[in-house]
$ cat data.csv   # CSV, C-alpha atoms and all ligand atoms
chain,number,residue,atom,x,y,z
A,16,MET,CA,62.2,-246.1,-67.2
A,17,LEU,CA,62.3,-244.0,-70.4
A,18,ARG,CA,64.1,-245.1,-73.5
A,19,THR,CA,64.3,-244.2,-77.1
A,20,LEU,CA,64.8,-246.9,-79.8
A,21,ASP,CA,66.4,-245.8,-83.0
A,22,LEU,CA,64.6,-242.5,-82.6
A,23,GLY,CA,64.8,-240.0,-85.4
A,24,VAL,CA,63.4,-236.5,-84.8
A,25,GLY,CA,62.9,-233.6,-87.2
A,26,TYR,CA,60.4,-232.1,-89.6
A,27,ILE,CA,58.7,-232.9,-92.9
A,28,ILE,CA,59.4,-230.0,-95.2
A,29,LYS,CA,57.7,-230.0,-98.6
A,30,GLY,CA,57.0,-233.7,-98.2
A,31,LYS,CA,60.7,-234.5,-97.4
A,32,LYS,CA,61.9,-235.8,-94.1
A,33,GLU,CA,64.5,-233.4,-92.6
A,34,ASN,CA,66.2,-235.3,-89.8
A,35,VAL,CA,67.5,-233.1,-86.9
A,36,LEU,CA,68.8,-235.9,-84.7
A,37,GLY,CA,68.7,-239.5,-85.6
A,38,GLY,CA,69.6,-243.1,-84.5
A,39,LEU,CA,69.0,-242.2,-80.9
A,40,ASP,CA,69.1,-245.1,-78.4
A,41,LEU,CA,69.0,-243.3,-75.1
A,42,ASN,CA,68.1,-244.3,-71.6
A,43,LEU,CA,66.8,-242.5,-68.5
A,44,GLY,CA,66.6,-244.6,-65.3
A,45,ARG,CA,64.3,-244.5,-62.3
A,46,SER,CA,65.1,-241.7,-59.8
A,47,GLU,CA,67.6,-240.1,-62.2
A,48,LEU,CA,68.0,-236.5,-63.1
A,49,CYS,CA,69.2,-236.3,-66.7
A,50,THR,CA,70.2,-233.1,-68.5
A,51,LEU,CA,70.0,-232.8,-72.3
A,52,ILE,CA,72.7,-230.4,-73.4
A,53,GLY,CA,73.8,-229.2,-76.8
A,54,PRO,CA,74.5,-226.1,-78.8
A,55,ASN,CA,71.8,-223.8,-80.1
A,56,GLY,CA,69.7,-225.2,-82.9
A,57,ILE,CA,71.0,-228.8,-82.5
A,58,GLY,CA,67.5,-230.2,-81.8
A,59,LYS,CA,67.0,-230.3,-78.0
A,60,SER,CA,63.5,-228.8,-78.1
A,61,THR,CA,62.6,-231.0,-81.1
A,62,LEU,CA,63.7,-234.1,-79.2
A,63,MET,CA,61.8,-232.9,-76.0
A,64,ARG,CA,58.7,-232.3,-78.1
A,65,THR,CA,59.0,-235.7,-79.7
A,66,ILE,CA,59.5,-237.6,-76.4
A,67,SER,CA,56.5,-235.7,-75.0
A,68,GLY,CA,54.4,-236.8,-78.0
A,69,VAL,CA,53.6,-233.2,-79.2
A,70,GLN,CA,55.5,-234.1,-82.4
A,71,LYS,CA,55.7,-237.4,-84.2
A,72,PRO,CA,59.1,-239.1,-84.6
A,73,LEU,CA,60.5,-239.5,-88.1
A,74,THR,CA,61.7,-243.0,-87.2
A,75,GLY,CA,61.8,-245.2,-84.1
A,76,HIS,CA,60.0,-245.2,-80.8
A,77,VAL,CA,59.8,-243.7,-77.3
A,78,GLU,CA,59.0,-246.1,-74.5
A,79,ILE,CA,58.1,-245.4,-70.9
A,80,ASP,CA,58.2,-248.5,-68.7
A,81,GLY,CA,58.0,-250.6,-71.8
A,82,GLN,CA,54.9,-248.8,-73.2
A,83,ASP,CA,55.1,-247.1,-76.6
A,84,VAL,CA,54.3,-243.4,-75.8
A,85,LEU,CA,52.7,-242.8,-79.3
A,86,ALA,CA,50.3,-245.7,-78.8
A,87,LEU,CA,48.8,-244.2,-75.6
A,88,SER,CA,45.7,-242.1,-75.4
A,89,ALA,CA,46.1,-238.5,-74.1
A,90,VAL,CA,44.7,-239.5,-70.6
A,91,GLU,CA,46.9,-242.6,-70.4
A,92,LYS,CA,49.9,-240.5,-71.4
A,93,SER,CA,49.1,-237.8,-68.9
A,94,LYS,CA,49.4,-240.4,-66.1
A,95,ILE,CA,53.0,-241.4,-66.9
A,96,LEU,CA,54.5,-238.2,-68.4
A,97,SER,CA,54.3,-234.6,-67.2
A,98,VAL,CA,55.8,-231.7,-69.2
A,99,VAL,CA,56.9,-228.2,-68.3
A,100,PHE,CA,57.7,-226.2,-71.4
A,101,ALA,CA,59.8,-223.1,-71.5
A,102,ASP,CA,56.9,-220.6,-71.9
A,103,ARG,CA,55.7,-219.0,-68.7
A,104,PRO,CA,52.1,-219.7,-67.5
A,105,ASN,CA,49.5,-217.8,-69.4
A,106,ALA,CA,46.7,-217.7,-66.8
A,107,LEU,CA,48.6,-215.5,-64.4
A,108,ASN,CA,45.4,-214.5,-62.5
A,109,MET,CA,45.2,-218.0,-60.9
A,110,THR,CA,46.8,-218.8,-57.6
A,111,VAL,CA,49.7,-221.1,-57.1
A,112,ARG,CA,47.4,-223.8,-55.6
A,113,GLU,CA,45.0,-223.5,-58.5
A,114,LEU,CA,47.8,-224.1,-61.0
A,115,ALA,CA,49.0,-227.1,-59.0
A,116,ASN,CA,45.4,-228.4,-58.9
A,117,ILE,CA,45.5,-228.5,-62.7
A,118,GLY,CA,48.1,-231.2,-62.4
A,119,ARG,CA,45.4,-233.5,-61.0
A,120,ALA,CA,43.2,-233.2,-64.1
A,121,PRO,CA,44.0,-236.8,-65.3
A,122,TYR,CA,42.6,-238.2,-62.1
A,123,THR,CA,39.6,-236.1,-61.4
A,124,ASN,CA,36.0,-236.7,-62.5
A,125,TRP,CA,34.3,-234.6,-65.3
A,126,MET,CA,33.5,-231.9,-62.8
A,127,GLY,CA,37.1,-231.6,-61.8
A,128,MET,CA,36.3,-232.4,-58.1
A,129,LEU,CA,39.5,-233.1,-56.1
A,130,SER,CA,39.4,-236.1,-53.8
A,131,ALA,CA,41.4,-236.3,-50.5
A,132,ARG,CA,44.1,-238.1,-52.5
A,133,ASP,CA,44.3,-235.3,-55.1
A,134,LYS,CA,44.5,-232.7,-52.4
A,135,PHE,CA,47.3,-234.6,-50.6
A,136,ALA,CA,49.2,-234.8,-53.9
A,137,VAL,CA,48.8,-231.0,-54.5
A,138,GLU,CA,49.9,-230.1,-50.9
A,139,ASN,CA,52.8,-232.5,-51.2
A,140,ALA,CA,53.9,-230.9,-54.5
A,141,LEU,CA,53.6,-227.4,-53.0
A,142,GLU,CA,55.7,-228.5,-50.0
A,143,CYS,CA,58.4,-230.2,-52.2
A,144,THR,CA,58.8,-227.0,-54.3
A,145,LYS,CA,58.8,-224.8,-51.1
A,146,LEU,CA,55.6,-223.0,-52.2
A,147,SER,CA,53.2,-223.9,-49.3
A,148,GLU,CA,53.4,-220.4,-47.9
A,149,LEU,CA,52.8,-218.8,-51.3
A,150,ALA,CA,50.0,-221.2,-52.2
A,151,ASN,CA,47.3,-218.5,-52.2
A,152,ARG,CA,49.3,-215.9,-54.1
A,153,LYS,CA,48.3,-215.0,-57.6
A,154,LEU,CA,50.9,-216.1,-60.2
A,155,TYR,CA,51.4,-212.5,-61.4
A,156,THR,CA,52.7,-211.5,-58.0
A,157,LEU,CA,55.5,-214.1,-58.1
A,158,SER,CA,59.2,-213.7,-59.2
A,159,ASP,CA,60.3,-215.7,-62.2
A,160,GLY,CA,62.0,-218.3,-60.0
A,161,GLN,CA,58.8,-218.7,-57.9
A,162,LYS,CA,56.7,-219.0,-61.1
A,163,GLN,CA,59.1,-221.7,-62.4
A,164,ARG,CA,58.7,-223.6,-59.2
A,165,ALA,CA,54.9,-223.3,-59.4
A,166,MET,CA,55.1,-224.9,-62.9
A,167,ILE,CA,57.1,-227.7,-61.5
A,168,ALA,CA,54.6,-228.1,-58.6
A,169,ARG,CA,51.9,-228.5,-61.2
A,170,ALA,CA,53.9,-231.2,-63.0
A,171,LEU,CA,54.8,-232.9,-59.6
A,172,ALA,CA,51.1,-232.9,-58.6
A,173,GLN,CA,50.4,-234.8,-61.8
A,174,ASP,CA,52.5,-237.6,-60.1
A,175,THR,CA,53.9,-239.2,-63.2
A,176,PRO,CA,57.0,-241.5,-63.2
A,177,VAL,CA,58.6,-239.3,-65.9
A,178,MET,CA,58.9,-235.5,-65.9
A,179,LEU,CA,60.2,-233.4,-68.8
A,180,LEU,CA,61.3,-229.8,-68.5
A,181,ASP,CA,62.4,-227.7,-71.5
A,182,GLU,CA,64.9,-225.1,-70.4
A,183,PRO,CA,63.5,-224.5,-66.9
A,184,THR,CA,66.4,-222.2,-65.9
A,185,ALA,CA,65.8,-219.6,-68.7
A,186,HIS,CA,65.2,-216.1,-67.2
A,187,LEU,CA,66.6,-217.2,-63.7
A,188,ASP,CA,69.6,-215.7,-62.0
A,189,LEU,CA,72.5,-217.8,-60.8
A,190,PRO,CA,71.2,-218.6,-57.2
A,191,ASN,CA,67.8,-219.6,-58.6
A,192,ARG,CA,69.4,-221.7,-61.4
A,193,ILE,CA,71.5,-223.6,-58.8
A,194,GLU,CA,68.5,-224.0,-56.5
A,195,LEU,CA,66.3,-225.3,-59.3
A,196,PHE,CA,68.8,-228.0,-60.3
A,197,GLU,CA,69.2,-228.9,-56.7
A,198,LEU,CA,65.4,-229.1,-56.3
A,199,LEU,CA,65.1,-231.3,-59.4
A,200,GLY,CA,67.8,-233.6,-58.2
A,201,LYS,CA,66.0,-233.9,-54.8
A,202,ILE,CA,62.6,-234.6,-56.5
A,203,ALA,CA,64.2,-237.3,-58.6
A,204,SER,CA,65.7,-239.1,-55.7
A,205,ASP,CA,63.1,-238.5,-53.0
A,206,ASN,CA,60.1,-239.1,-55.2
A,207,GLU,CA,61.6,-241.7,-57.5
A,208,LYS,CA,60.9,-239.6,-60.6
A,209,SER,CA,62.8,-239.8,-63.8
A,210,ILE,CA,63.5,-236.2,-64.8
A,211,LEU,CA,64.7,-235.1,-68.2
A,212,VAL,CA,65.7,-231.4,-68.4
A,213,SER,CA,67.0,-229.6,-71.5
A,214,SER,CA,69.4,-226.9,-70.6
A,215,HIS,CA,72.4,-224.8,-71.6
A,216,GLU,CA,73.7,-224.9,-68.1
A,217,LEU,CA,76.7,-227.2,-68.6
A,218,ASP,CA,78.3,-226.4,-65.2
A,219,LEU,CA,75.1,-227.2,-63.4
A,220,ALA,CA,74.4,-230.3,-65.5
A,221,ILE,CA,77.9,-231.6,-64.5
A,222,GLN,CA,77.3,-230.7,-60.8
A,223,PHE,CA,73.8,-232.0,-60.4
A,224,SER,CA,72.8,-234.6,-63.1
A,225,ASP,CA,72.9,-238.3,-62.6
A,226,ARG,CA,73.1,-238.6,-66.4
A,227,ILE,CA,73.8,-236.3,-69.4
A,228,TRP,CA,72.4,-236.7,-72.9
A,229,MET,CA,74.8,-234.7,-75.0
A,230,ALA,CA,73.8,-233.7,-78.5
A,231,ASP,CA,77.1,-232.7,-80.2
A,232,HIS,CA,77.9,-230.9,-83.4
A,233,SER,CA,78.1,-234.1,-85.3
A,234,ARG,CA,74.3,-234.4,-84.6
A,235,ALA,CA,74.7,-237.6,-82.6
A,236,VAL,CA,73.6,-237.8,-78.9
A,237,CYS,CA,76.0,-239.6,-76.5
A,238,GLU,CA,75.0,-240.4,-73.0
A,239,GLY,CA,76.6,-241.2,-69.7
A,240,ILE,CA,77.2,-240.0,-66.2
A,241,PRO,CA,78.9,-236.5,-66.4
A,242,GLU,CA,82.3,-237.8,-65.2
A,243,ASP,CA,82.4,-240.4,-68.0
A,244,LEU,CA,81.6,-237.8,-70.7
A,245,ILE,CA,84.5,-235.8,-69.4
A,246,TRP,CA,86.9,-238.7,-68.8
A,247,ARG,CA,86.1,-240.2,-72.2
A,248,LYS,CA,86.7,-236.7,-73.7
A,249,ASP,CA,83.2,-236.9,-75.4
A,250,ILE,CA,82.6,-233.4,-74.0
A,251,GLU,CA,85.1,-232.1,-76.6
A,252,GLY,CA,82.6,-232.8,-79.3
A,253,LEU,CA,80.0,-230.4,-77.9
A,254,PHE,CA,81.0,-227.3,-79.8
A,255,ASP,CA,82.4,-227.0,-83.3
A,256,ASN,CA,84.6,-224.0,-82.4
A,257,GLU,CA,88.4,-224.1,-82.0
A,258,SER,CA,88.3,-221.0,-79.8
A,259,ILE,CA,86.3,-222.8,-77.1
A,260,VAL,CA,88.2,-225.6,-75.3
A,261,PHE,CA,87.3,-227.7,-72.3
A,262,ASN,CA,89.6,-227.1,-69.4
A,263,TYR,CA,89.8,-230.5,-67.7
A,264,GLN,CA,91.3,-229.0,-64.5
A,265,ALA,CA,88.5,-226.5,-64.0
A,266,GLY,CA,85.8,-228.7,-65.5
A,267,ARG,CA,84.4,-226.0,-67.8
A,268,PHE,CA,84.6,-224.6,-71.3
A,269,GLU,CA,87.0,-221.6,-71.7
A,270,PHE,CA,88.1,-219.3,-74.5
A,271,ASN,CA,91.3,-220.6,-76.0
A,272,ARG,CA,93.8,-217.8,-76.0
A,273,LYS,CA,96.3,-218.9,-78.6
A,274,GLU,CA,99.1,-216.3,-78.8
A,275,LYS,CA,100.9,-216.9,-75.6
A,276,ASP,CA,104.5,-215.8,-76.2
A,277,PHE,CA,104.9,-214.3,-72.8
A,278,SER,CA,105.4,-216.7,-70.0
A,279,VAL,CA,105.6,-216.5,-66.2
A,280,CYS,CA,106.6,-219.1,-63.7
A,281,VAL,CA,104.1,-219.2,-60.8
A,282,LYS,CA,104.7,-220.9,-57.5
A,283,GLY,CA,103.5,-220.9,-53.9
A,284,ASP,CA,100.2,-220.9,-51.9
A,285,GLU,CA,97.6,-222.9,-53.8
A,286,GLN,CA,94.6,-220.5,-53.3
A,287,THR,CA,96.5,-217.4,-54.1
A,288,ARG,CA,98.2,-219.1,-57.1
A,289,LYS,CA,94.8,-220.1,-58.5
A,290,TRP,CA,93.6,-216.5,-58.8
A,291,VAL,CA,96.9,-215.1,-59.9
A,292,GLU,CA,97.1,-217.6,-62.7
A,293,HIS,CA,93.4,-216.8,-63.5
A,294,ALA,CA,94.3,-213.2,-64.0
A,295,LEU,CA,97.5,-213.9,-65.9
A,296,ILE,CA,95.7,-216.3,-68.3
A,297,ARG,CA,93.0,-213.7,-68.8
A,298,ILE,CA,95.6,-211.2,-70.2
A,299,GLY,CA,97.2,-213.8,-72.4
A,300,VAL,CA,100.2,-215.0,-70.3
A,301,ALA,CA,101.3,-218.6,-70.4
A,302,ILE,CA,101.9,-220.2,-67.0
A,303,VAL,CA,104.9,-222.4,-66.7
A,304,ASP,CA,106.4,-224.5,-63.8
A,305,GLN,CA,110.1,-223.6,-64.3
A,306,PRO,CA,111.6,-220.1,-64.8
A,307,THR,CA,112.0,-219.3,-68.5
A,308,GLU,CA,114.5,-217.0,-70.3
A,309,ASN,CA,112.9,-213.8,-69.1
A,310,GLY,CA,113.5,-215.0,-65.5
A,311,LEU,CA,110.1,-213.8,-64.4
A,312,GLU,CA,108.8,-215.6,-61.3
A,313,ILE,CA,105.8,-215.1,-59.1
A,314,ASP,CA,105.9,-216.5,-55.6
A,315,CYS,CA,102.4,-216.6,-54.0
A,316,GLN,CA,101.9,-216.3,-50.3
A,317,GLU,CA,98.6,-216.2,-48.4
A,318,SER,CA,98.4,-212.4,-48.3
A,319,LEU,CA,101.3,-211.2,-50.3
A,320,ILE,CA,102.5,-211.8,-53.9
A,321,ASP,CA,106.2,-211.5,-54.7
A,322,LEU,CA,107.2,-210.7,-58.3
A,323,LYS,CA,110.8,-211.7,-59.0
A,324,CYS,CA,112.4,-210.0,-61.9
A,325,LYS,CA,116.1,-209.7,-62.8
A,326,ASN,CA,117.2,-210.6,-59.3
A,327,ARG,CA,115.0,-208.1,-57.7
A,328,THR,CA,111.8,-208.8,-55.7
A,329,PHE,CA,108.7,-206.6,-55.6
A,330,SER,CA,105.9,-207.4,-53.1
A,331,PHE,CA,102.3,-206.7,-53.7
A,332,ASP,CA,99.2,-207.0,-51.6
A,333,ASN,CA,96.7,-207.4,-54.5
A,334,ILE,CA,96.6,-209.2,-57.8
A,335,GLU,CA,95.7,-206.0,-59.8
A,336,LYS,CA,99.1,-204.4,-58.9
A,337,VAL,CA,100.9,-207.6,-60.1
A,338,LEU,CA,99.0,-207.4,-63.4
A,339,VAL,CA,100.0,-203.8,-63.9
A,340,GLN,CA,103.7,-204.7,-63.7
A,341,ILE,CA,103.2,-207.8,-65.9
A,342,LYS,CA,101.5,-205.7,-68.6
A,343,LEU,CA,104.3,-203.2,-68.5
A,344,LEU,CA,106.9,-206.0,-68.9
A,345,MET,CA,104.8,-207.5,-71.8
A,346,ASN,CA,104.7,-204.1,-73.6
A,347,ASN,CA,108.5,-203.6,-73.1
A,348,LYS,CA,109.4,-207.1,-74.2
B,1,LIG,N1,58.7,-226.0,-86.9
B,1,LIG,C1,59.9,-226.2,-87.5
B,1,LIG,N2,59.9,-226.5,-88.8
B,1,LIG,C2,61.1,-226.7,-89.4
B,1,LIG,N3,62.3,-226.7,-88.8
B,1,LIG,C3,62.3,-226.4,-87.4
B,1,LIG,C4,61.1,-226.1,-86.7
B,1,LIG,N4,61.4,-225.9,-85.4
B,1,LIG,C5,62.8,-225.9,-85.4
B,1,LIG,N5,63.3,-226.3,-86.6
B,1,LIG,C6,64.7,-226.5,-86.9
B,1,LIG,O1,65.2,-227.6,-86.2
B,1,LIG,C7,66.5,-227.4,-85.7
B,1,LIG,C8,66.5,-227.7,-84.2
B,1,LIG,O2,65.8,-226.7,-83.5
B,1,LIG,P1,65.5,-226.8,-82.0
B,1,LIG,O3,64.7,-225.7,-81.6
B,1,LIG,O4,65.0,-228.2,-81.6
B,1,LIG,O5,67.0,-226.7,-81.4
B,1,LIG,P2,67.5,-226.4,-79.9
B,1,LIG,O6,68.6,-227.3,-79.7
B,1,LIG,O7,66.3,-226.6,-79.0
B,1,LIG,O8,67.9,-224.9,-80.0
B,1,LIG,P3,68.1,-223.8,-78.9
B,1,LIG,O9,69.2,-224.3,-77.9
B,1,LIG,O10,68.5,-222.6,-79.7
B,1,LIG,O11,66.8,-223.6,-78.2
B,1,LIG,C9,66.9,-226.0,-86.1
B,1,LIG,O12,67.7,-226.1,-87.2
B,1,LIG,C10,65.6,-225.3,-86.3
B,1,LIG,O13,65.7,-224.3,-87.3

$ encode --input "data.csv" --output "structure tokens"
Amino acid sequence: MLRTLDLGVGYIIKGKKENVLGGLDLNLGRSELCTLIGPNGIGKSTLMRTISGVQKPLTGHVEIDGQDVLALSAVEKSKILSVVFADRPNALNMTVRELANIGRAPYTNWMGMLSARDKFAVENALECTKLSELANRKLYTLSDGQKQRAMIARALAQDTPVMLLDEPTAHLDLPNRIELFELLGKIASDNEKSILVSSHELDLAIQFSDRIWMADHSRAVCEGIPEDLIWRKDIEGLFDNESIVFNYQAGRFEFNRKEKDFSVCVKGDEQTRKWVEHALIRIGVAIVDQPTENGLEIDCQESLIDLKCKNRTFSFDNIEKVLVQIKLLMNNK
């Protein structure tokens, strides 16, 4: 549906081309939610602006359904590509429905009269974004999450095969961020839209995206389904920072605590063990499978944790008490 061909994006500074990202041959298929991820300043917004036609490419092309986006007129483009930029809506005095109506601008006559088809598209967009009941509310009365959904309703009413959203989860709390990704995934599959979202939400991108475009620190962009990026270890190239490592077990980046000269053998109930290990790792303990020289062993049960030390066993009913003992042992080592 959308593809970039040898695309180079960047800026012309003092007459000289400054490439931010180059050699991009990327694809976004029909009904796919694709997340563009990458560290700060790597060029995500520059790429989004170039794909949307706000900024000219330094090299190459962007095609939607085989059509060169740059060669299209503004009206032609607005029928195949809708964009939601990170800024919040300016005209906060309009209602949610009035904002969604703007999405129909490419189809209405010079007086902006909405046909039955336009009205249907608007109501459908409001329903998809769960805004029907808030349709007559002024934008300034909405929460940030609702406002963001109103912006998406506007883009959805535009009824374009491709939708672009630049950092739509900025300013949202965790439940709203999760709901937004879930909503975008649903819009992509139910409405056959190709949706490209730029985001810093790696966890959510892995959970919800059909595809990820990953701009890494080498300034290349690799693409694939999330599982392939992890399986191929491409994900390791995301950050140029030795202290941040990808934990393949947990499926997320974590701080790499290096000095782990104190180890504890942890066994037992899986759920309890998971959080005991989490706490131990957090205070700099290495987790091992077999008892080591210090003979420290933790046996996890569903509601009790046994700390075995020098042939004695101490039982605790919460992880904090275990940590206190381990910290004492670490300090007396
Ligand atoms: N108008 C501009 N003129 C020149 N350079 C720019 C301009 N806008 C951005 N840049 C530079 O281009 C590079 C990429 O910026 P961009 O905003 O695209 O990154 P980003 O990945 O979206 O960053 P972030 O995650 O922090 O939003 C940066 O080095 C930035 O300083």

$ residues_near_ligand --input "data.csv" --ligand "ligand LIG 1 (chain B)" --cutoff "6 Å" --atoms "all atoms listed in the file" --output "list in words"
Tyr26, Val35, Pro54, Asn55, Gly56, Ile57, Gly58, Lys59, Ser60 and Thr61 of chain A

$ residues_around --input "data.csv" --residues "range 281-283 of chain A" --least-positions-apart "6" --cutoff "8 Å" --atoms "only C-alpha atoms" --output "list in words"
Glu292, Ile302, Val303, Asp304, Glu312, Ile313, Asp314, Cys315 and Gln316 of chain A

$ closest_residue --input "data.csv" --among "A:Met109, A:Ala120, A:Leu311, A:Ala89" --to "Lys325 in chain A" --atoms "all atoms listed in the file"
A:Leu311

$ closest_residue --input "data.csv" --among "A:Ser93, A:Ser258, A:Thr156, A:Thr50" --to "Leu199 in chain A" --atoms "all atoms listed in the file"
A:Thr50

$ atom_distance --input "data.csv" --atom1 "CA of Gln173 in chain A" --atom2 "CA of Arg119 in chain A"
5.2 Å

$ residues_around --input "data.csv" --residues "Ile210 in chain A" --least-positions-apart "3" --cutoff "10 Å" --atoms "all atoms listed in the file" --output "list in words"
Leu17, Leu43, Gly44, Arg45, Ser46, Glu47, Leu48, Cys49, Thr50, Leu96, Ser97, Val98, Pro176, Val177, Met178, Leu179, Leu180, Leu199, Gly200, Ile202, Ala203, Ser204, Glu207, Ser224 and Asp225 of chain A

$ residues_around --input "data.csv" --residues "Asp255 in chain A" --least-positions-apart "4" --cutoff "10 Å" --atoms "only C-alpha atoms" --output "list in words"
Pro54, Asp231, His232, Ser233, Glu251, Ile259 and Val260 of chain A

$ closest_residue --input "data.csv" --among "A:Asp188, A:Ala265, A:Leu157, A:Pro121" --to "Asp174 in chain A" --atoms "only C-alpha atoms"
A:Pro121

$ decode --input "data.csv" --residues "range 129-150 of chain A" --atoms "N, CA and C atoms" --output "mmCIF file, in the first residue's frame"
data_model
loop_
_atom_site.group_PDB
_atom_site.id
_atom_site.type_symbol
_atom_site.label_atom_id
_atom_site.label_comp_id
_atom_site.auth_asym_id
_atom_site.auth_seq_id
_atom_site.Cartn_x
_atom_site.Cartn_y
_atom_site.Cartn_z
ATOM 1 N N LEU A 129 -22.191 19.058 3.717
ATOM 2 C CA LEU A 129 -21.975 17.620 3.868
ATOM 3 C C LEU A 129 -23.128 16.846 3.229
ATOM 4 N N SER A 130 -22.792 15.871 2.395
ATOM 5 C CA SER A 130 -23.812 15.003 1.797
ATOM 6 C C SER A 130 -24.161 13.911 2.816
ATOM 7 N N ALA A 131 -25.161 13.094 2.475
ATOM 8 C CA ALA A 131 -25.534 11.979 3.370
ATOM 9 C C ALA A 131 -24.335 11.062 3.567
ATOM 10 N N ARG A 132 -23.562 10.875 2.495
ATOM 11 C CA ARG A 132 -22.391 9.991 2.565
ATOM 12 C C ARG A 132 -21.329 10.572 3.529
ATOM 13 N N ASP A 133 -21.157 11.912 3.432
ATOM 14 C CA ASP A 133 -20.190 12.571 4.323
ATOM 15 C C ASP A 133 -20.618 12.393 5.780
ATOM 16 N N LYS A 134 -21.926 12.607 6.008
ATOM 17 C CA LYS A 134 -22.432 12.503 7.397
ATOM 18 C C LYS A 134 -22.269 11.082 7.916
ATOM 19 N N PHE A 135 -22.495 10.117 7.035
ATOM 20 C CA PHE A 135 -22.332 8.716 7.435
ATOM 21 C C PHE A 135 -20.874 8.447 7.835
ATOM 22 N N ALA A 136 -19.946 8.976 7.005
ATOM 23 C CA ALA A 136 -18.517 8.766 7.286
ATOM 24 C C ALA A 136 -18.138 9.383 8.634
ATOM 25 N N VAL A 137 -18.701 10.570 8.937
ATOM 26 C CA VAL A 137 -18.391 11.258 10.203
ATOM 27 C C VAL A 137 -18.937 10.443 11.385
ATOM 28 N N GLU A 138 -20.210 10.009 11.269
ATOM 29 C CA GLU A 138 -20.809 9.253 12.386
ATOM 30 C C GLU A 138 -20.059 7.942 12.599
ATOM 31 N N ASN A 139 -19.657 7.319 11.493
ATOM 32 C CA ASN A 139 -18.900 6.066 11.572
ATOM 33 C C ASN A 139 -17.554 6.295 12.290
ATOM 34 N N ALA A 140 -16.893 7.410 11.939
ATOM 35 C CA ALA A 140 -15.597 7.728 12.563
ATOM 36 C C ALA A 140 -15.776 7.982 14.060
ATOM 37 N N LEU A 141 -16.870 8.675 14.419
ATOM 38 C CA LEU A 141 -17.121 8.967 15.836
ATOM 39 C C LEU A 141 -17.406 7.669 16.602
ATOM 40 N N GLU A 142 -18.134 6.766 15.943
ATOM 41 C CA GLU A 142 -18.460 5.498 16.607
ATOM 42 C C GLU A 142 -17.197 4.656 16.811
ATOM 43 N N CYS A 143 -16.377 4.562 15.743
ATOM 44 C CA CYS A 143 -15.137 3.770 15.826
ATOM 45 C C CYS A 143 -14.234 4.266 16.950
ATOM 46 N N THR A 144 -14.208 5.572 17.141
ATOM 47 C CA THR A 144 -13.309 6.138 18.150
ATOM 48 C C THR A 144 -14.025 6.322 19.503
ATOM 49 N N LYS A 145 -15.200 5.727 19.614
ATOM 50 C CA LYS A 145 -16.005 5.746 20.843
ATOM 51 C C LYS A 145 -16.274 7.179 21.306
ATOM 52 N N LEU A 146 -16.631 8.030 20.339
ATOM 53 C CA LEU A 146 -16.879 9.441 20.667
ATOM 54 C C LEU A 146 -18.311 9.872 20.388
ATOM 55 N N SER A 147 -19.178 8.925 19.967
ATOM 56 C CA SER A 147 -20.555 9.302 19.588
ATOM 57 C C SER A 147 -21.230 10.097 20.707
ATOM 58 N N GLU A 148 -21.041 9.641 21.943
ATOM 59 C CA GLU A 148 -21.731 10.311 23.054
ATOM 60 C C GLU A 148 -21.124 11.666 23.405
ATOM 61 N N LEU A 149 -19.903 11.892 22.933
ATOM 62 C CA LEU A 149 -19.240 13.176 23.231
ATOM 63 C C LEU A 149 -19.257 14.105 22.019
ATOM 64 N N ALA A 150 -20.008 13.715 20.972
ATOM 65 C CA ALA A 150 -19.935 14.420 19.682
ATOM 66 C C ALA A 150 -20.250 15.906 19.782
#
